[in-house]
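Accompanying notes for the structure given below.
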Amino acid sequence: MKRLFVLGAGSMAESFIKGIVEEGVIDPRDIFVSNRSRRERLLELSEWYGITPADSLARAVDADLIILAVKPYDMMEALKQLRPHLSDQVLLSFAAGIPIEAMQRATGGHPYIIRTMPNVPVAVGMGAIALSAPSTVPRDKLRRVVEMLAGLGQVVEIEEGLMDAATAFSGSGPGFISYLLEAMEQAAVELGFAPELARKLLVQTVIGTAHVLREWDLSPSELRRRVTSPNGTTHAGVEVMQSQGVYQAIVEAVRRAAVRAEEMGREYTREG
């Protein structure tokens, strides 16, 4: 990709910009960013990452790839405004719940729309990126997008019917994991640790566990069994979580997030 146009300047847009700039994917001066409001936000991104603020959607005309990083409830209106500036650009949507068919409808049938759900770790090249593309996207265009995203983490191509589920456990996953770490940090503080010191150990525990799961090719349940000795400390803690229904609560949290993604798609693409 030679030139990108990013529509939206929120946290996900920034994570994406930070990742591709630090990975050297594209010259930051060729990343044009537009935001509906808050001009100062564009100036911040320009100062931090060297991107070019765009005062008009017309700057999308010369882009190879348009990143749709607006909130789901703004997507339909944003696409309608973008429609006069479209030709053969690929549109890459980050919006939770918004189906490709609805986006095609809003753009007057633009064929080159890819739906994806990256998560915040793309900012450090460690993202999990689910992606779905219709048959109307040529393989060479799709390949270039996948190659670009691969520099930001693990890319997995899936059927669009799975995107809401991916949004739930992958897109929202950093929030869920952070929630668990909040509780573990609080417990560590109550046991006498300073928060900063506890956080160092907790973050490294998560990183190390993830590496073991990947490099040893283990399922989470298998690794849990390996580190849980009968009547040991892990066993004692897991018994508490089982008795408190933590496992089922996590399952239900992911299910609810998936349902909410589907609901958002219906709510924000409703015509009239």
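Residues in the structure tokens are named by chain (A, B, ... in the order shown) and by number from 1 within that chain; ligands are numbered from 1 in the order shown.
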I'd like the neighbourhood of region 201-213 of chain A as JSON, numbers by chain, where a residue qualifies if any of its atoms comes within 12 Å (using only C-alpha atoms), though same-chain residues fewer than 3 positions away should be ignored. {"A": [126, 174, 177, 178, 180, 181, 182, 183, 184, 185, 186, 187, 188, 189, 193, 194, 195, 196, 197, 198, 216, 217, 218, 219, 220, 221, 222, 223, 224, 226, 227]}
From the DSSP assignment of the backbone, select every residue of region 97-255 of chain A that is alpha helix (DSSP H), and format the answer as a PyMOL selection string. chain A and resi 100-106+139-150+163-166+173-190+195-215+220-227+233-243+246-255
Give me, as a PyMOL selection string, the residues of region 33-142 of chain A that a backbone DSSP run labels strand (DSSP E or B). chain A and resi 33-34+52-53+65-68+90-93+113-117+127-132
Taking 2 positions as the minimum chain separation for residues in the same chain, which residues sit within 12 Å of Met75 (chain A) when counting only C-alpha atoms? Answer as an MDAnalysis selection string. chainID A and resid 7:8 36 67:73 77:82 93:100 102:107 264:265 267:270
Residue contacts of Ala258 (chain A) (8 Å, only C-alpha atoms) excluding same-chain residues fewer than 3 positions away, as a PDB file with C-alpha atoms, in the first residue's frame:
```
ATOM      1  CA  ASP A 164     -19.411 -11.158  15.737  1.00  0.00           C
ATOM      2  CA  ALA A 165     -17.931 -14.027  17.739  1.00  0.00           C
ATOM      3  CA  ALA A 166     -14.391 -12.910  16.894  1.00  0.00           C
ATOM      4  CA  THR A 167     -15.326  -9.402  17.979  1.00  0.00           C
ATOM      5  CA  ALA A 168     -16.475 -10.818  21.308  1.00  0.00           C
ATOM      6  CA  VAL A 254     -18.162 -13.622  25.628  1.00  0.00           C
ATOM      7  CA  ARG A 255     -21.612 -14.777  24.519  1.00  0.00           C
ATOM      8  CA  ALA A 261     -22.129  -7.078  18.219  1.00  0.00           C
ATOM      9  CA  GLU A 262     -25.028  -8.597  16.286  1.00  0.00           C
TER      10      GLU A 262
END
```
Could you name the residues that touch region 154-156 of chain A at 7 Å or less, counting only C-alpha atoms, but leaving out those on the same chain fewer than 3 positions away, as a list in words?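 In the requested format, the answer is Gly127, Ala128, Ile129, Ala130, Leu131, Leu149 and Ala150 of chain A.
For Leu91 (chain A), the list of residues within 7 Å, based on only C-alpha atoms and with local chain neighbours fewer than 3 positions off taken out, reads Leu65, Ile66, Ile67, Leu68, Tyr112, Ile113 and Ile114 of chain A.
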Given the selection you just returned, output its residues as a file containing N, CA, C and O atoms, formatted as a short mmCIF file (atom, residue, chain, number, x, y, z; two decimals), in the first residue's frame.
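Output (result08.cif):
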```
data_model
loop_
_atom_site.label_atom_id
_atom_site.label_comp_id
_atom_site.auth_asym_id
_atom_site.auth_seq_id
_atom_site.Cartn_x
_atom_site.Cartn_y
_atom_site.Cartn_z
N LEU A 65 -5.96 2.44 0.08
CA LEU A 65 -6.72 1.75 1.12
C LEU A 65 -7.35 2.79 2.04
O LEU A 65 -6.68 3.72 2.49
N ILE A 66 -8.63 2.62 2.32
CA ILE A 66 -9.35 3.49 3.23
C ILE A 66 -9.70 2.69 4.47
O ILE A 66 -10.36 1.65 4.40
N ILE A 67 -9.24 3.16 5.61
CA ILE A 67 -9.52 2.51 6.88
C ILE A 67 -10.75 3.15 7.50
O ILE A 67 -10.77 4.37 7.74
N LEU A 68 -11.75 2.37 7.77
CA LEU A 68 -12.99 2.86 8.40
C LEU A 68 -12.92 2.57 9.88
O LEU A 68 -13.25 1.48 10.34
N TYR A 112 -15.27 -3.45 -3.10
CA TYR A 112 -14.00 -3.78 -2.43
C TYR A 112 -14.05 -3.41 -0.95
O TYR A 112 -13.36 -2.49 -0.49
N ILE A 113 -14.87 -4.12 -0.19
CA ILE A 113 -15.00 -3.86 1.24
C ILE A 113 -14.61 -5.11 2.02
O ILE A 113 -15.11 -6.19 1.77
N ILE A 114 -13.70 -4.92 2.95
CA ILE A 114 -13.23 -6.00 3.81
C ILE A 114 -13.59 -5.66 5.25
O ILE A 114 -13.40 -4.53 5.70
#
```
Can you tell me, as a list in words, what residues are no more than 7 Å from region 54-56 of chain A when counting only C-alpha atoms, ignoring any on the same chain fewer than 2 positions away? Phe32, Val33, Ser34, Thr52, Ala58 and Arg59 of chain A
For the residues selected in the previous step, produce a file with all heavy atoms as a PDB file, in the first residue's frame.
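Written out: again_4.pdb:
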```pdb
ATOM      1  N   PHE A  32      -3.110   9.671   5.643  1.00  0.00           N
ATOM      2  CA  PHE A  32      -3.977  10.833   5.814  1.00  0.00           C
ATOM      3  C   PHE A  32      -5.105  10.451   6.762  1.00  0.00           C
ATOM      4  O   PHE A  32      -5.764   9.430   6.577  1.00  0.00           O
ATOM      5  CB  PHE A  32      -4.533  11.283   4.461  1.00  0.00           C
ATOM      6  CG  PHE A  32      -3.461  11.815   3.537  1.00  0.00           C
ATOM      7  CD1 PHE A  32      -2.671  10.952   2.792  1.00  0.00           C
ATOM      8  CD2 PHE A  32      -3.237  13.173   3.433  1.00  0.00           C
ATOM      9  CE1 PHE A  32      -1.675  11.432   1.956  1.00  0.00           C
ATOM     10  CE2 PHE A  32      -2.246  13.675   2.598  1.00  0.00           C
ATOM     11  CZ  PHE A  32      -1.466  12.797   1.851  1.00  0.00           C
ATOM     12  N   VAL A  33      -5.320  11.269   7.772  1.00  0.00           N
ATOM     13  CA  VAL A  33      -6.302  10.954   8.805  1.00  0.00           C
ATOM     14  C   VAL A  33      -7.340  12.067   8.893  1.00  0.00           C
ATOM     15  O   VAL A  33      -6.993  13.251   8.974  1.00  0.00           O
ATOM     16  CB  VAL A  33      -5.631  10.762  10.181  1.00  0.00           C
ATOM     17  CG1 VAL A  33      -6.674  10.332  11.215  1.00  0.00           C
ATOM     18  CG2 VAL A  33      -4.511   9.728  10.094  1.00  0.00           C
ATOM     19  N   SER A  34      -8.603  11.657   8.866  1.00  0.00           N
ATOM     20  CA  SER A  34      -9.710  12.599   8.969  1.00  0.00           C
ATOM     21  C   SER A  34     -10.556  12.255  10.191  1.00  0.00           C
ATOM     22  O   SER A  34     -10.743  11.084  10.519  1.00  0.00           O
ATOM     23  CB  SER A  34     -10.580  12.538   7.705  1.00  0.00           C
ATOM     24  OG  SER A  34     -11.698  13.376   7.821  1.00  0.00           O
ATOM     25  N   THR A  52      -0.437  12.820   8.234  1.00  0.00           N
ATOM     26  CA  THR A  52      -0.904  14.065   7.624  1.00  0.00           C
ATOM     27  C   THR A  52      -2.393  14.262   7.930  1.00  0.00           C
ATOM     28  O   THR A  52      -3.216  13.445   7.517  1.00  0.00           O
ATOM     29  CB  THR A  52      -0.707  14.025   6.099  1.00  0.00           C
ATOM     30  OG1 THR A  52       0.673  13.811   5.803  1.00  0.00           O
ATOM     31  CG2 THR A  52      -1.165  15.338   5.469  1.00  0.00           C
ATOM     32  N   ALA A  58     -12.237  14.355   0.561  1.00  0.00           N
ATOM     33  CA  ALA A  58     -11.740  14.310  -0.809  1.00  0.00           C
ATOM     34  C   ALA A  58     -10.323  13.764  -0.875  1.00  0.00           C
ATOM     35  O   ALA A  58      -9.896  13.255  -1.924  1.00  0.00           O
ATOM     36  CB  ALA A  58     -11.797  15.702  -1.440  1.00  0.00           C
ATOM     37  N   ARG A  59      -9.603  13.822   0.239  1.00  0.00           N
ATOM     38  CA  ARG A  59      -8.233  13.277   0.248  1.00  0.00           C
ATOM     39  C   ARG A  59      -8.246  11.763   0.106  1.00  0.00           C
ATOM     40  O   ARG A  59      -7.201  11.156  -0.161  1.00  0.00           O
ATOM     41  CB  ARG A  59      -7.513  13.672   1.542  1.00  0.00           C
ATOM     42  CG  ARG A  59      -7.359  15.172   1.758  1.00  0.00           C
ATOM     43  CD  ARG A  59      -6.593  15.859   0.634  1.00  0.00           C
ATOM     44  NE  ARG A  59      -5.235  15.433   0.519  1.00  0.00           N
ATOM     45  CZ  ARG A  59      -4.202  16.061   1.111  1.00  0.00           C
ATOM     46  NH1 ARG A  59      -4.428  17.120   1.886  1.00  0.00           N
ATOM     47  NH2 ARG A  59      -2.969  15.650   0.932  1.00  0.00           N
TER      48      ARG A  59
END
```
So how far away is CA of Pro134 (chain A) from CA of Glu160 (chain A), in Å?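 CA of Glu160 (chain A) sits 8.4 Å away from CA of Pro134 (chain A).
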For CA of Ile158 (chain A) and CA of Arg3 (chain A), determine how far apart the two atoms are, in Å to one decimal place. 26.2 Å
Would you mind telling me which residue in A:His85, A:Met241, A:Glu22, A:Gly175 lies nearest to Ala253 (chain A) when using only C-alpha atoms? A:Gly175
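Atom pair CA of Phe5 (chain A) / CA of Ile31 (chain A) has a distance of 5.9 Å (rounded to one decimal).
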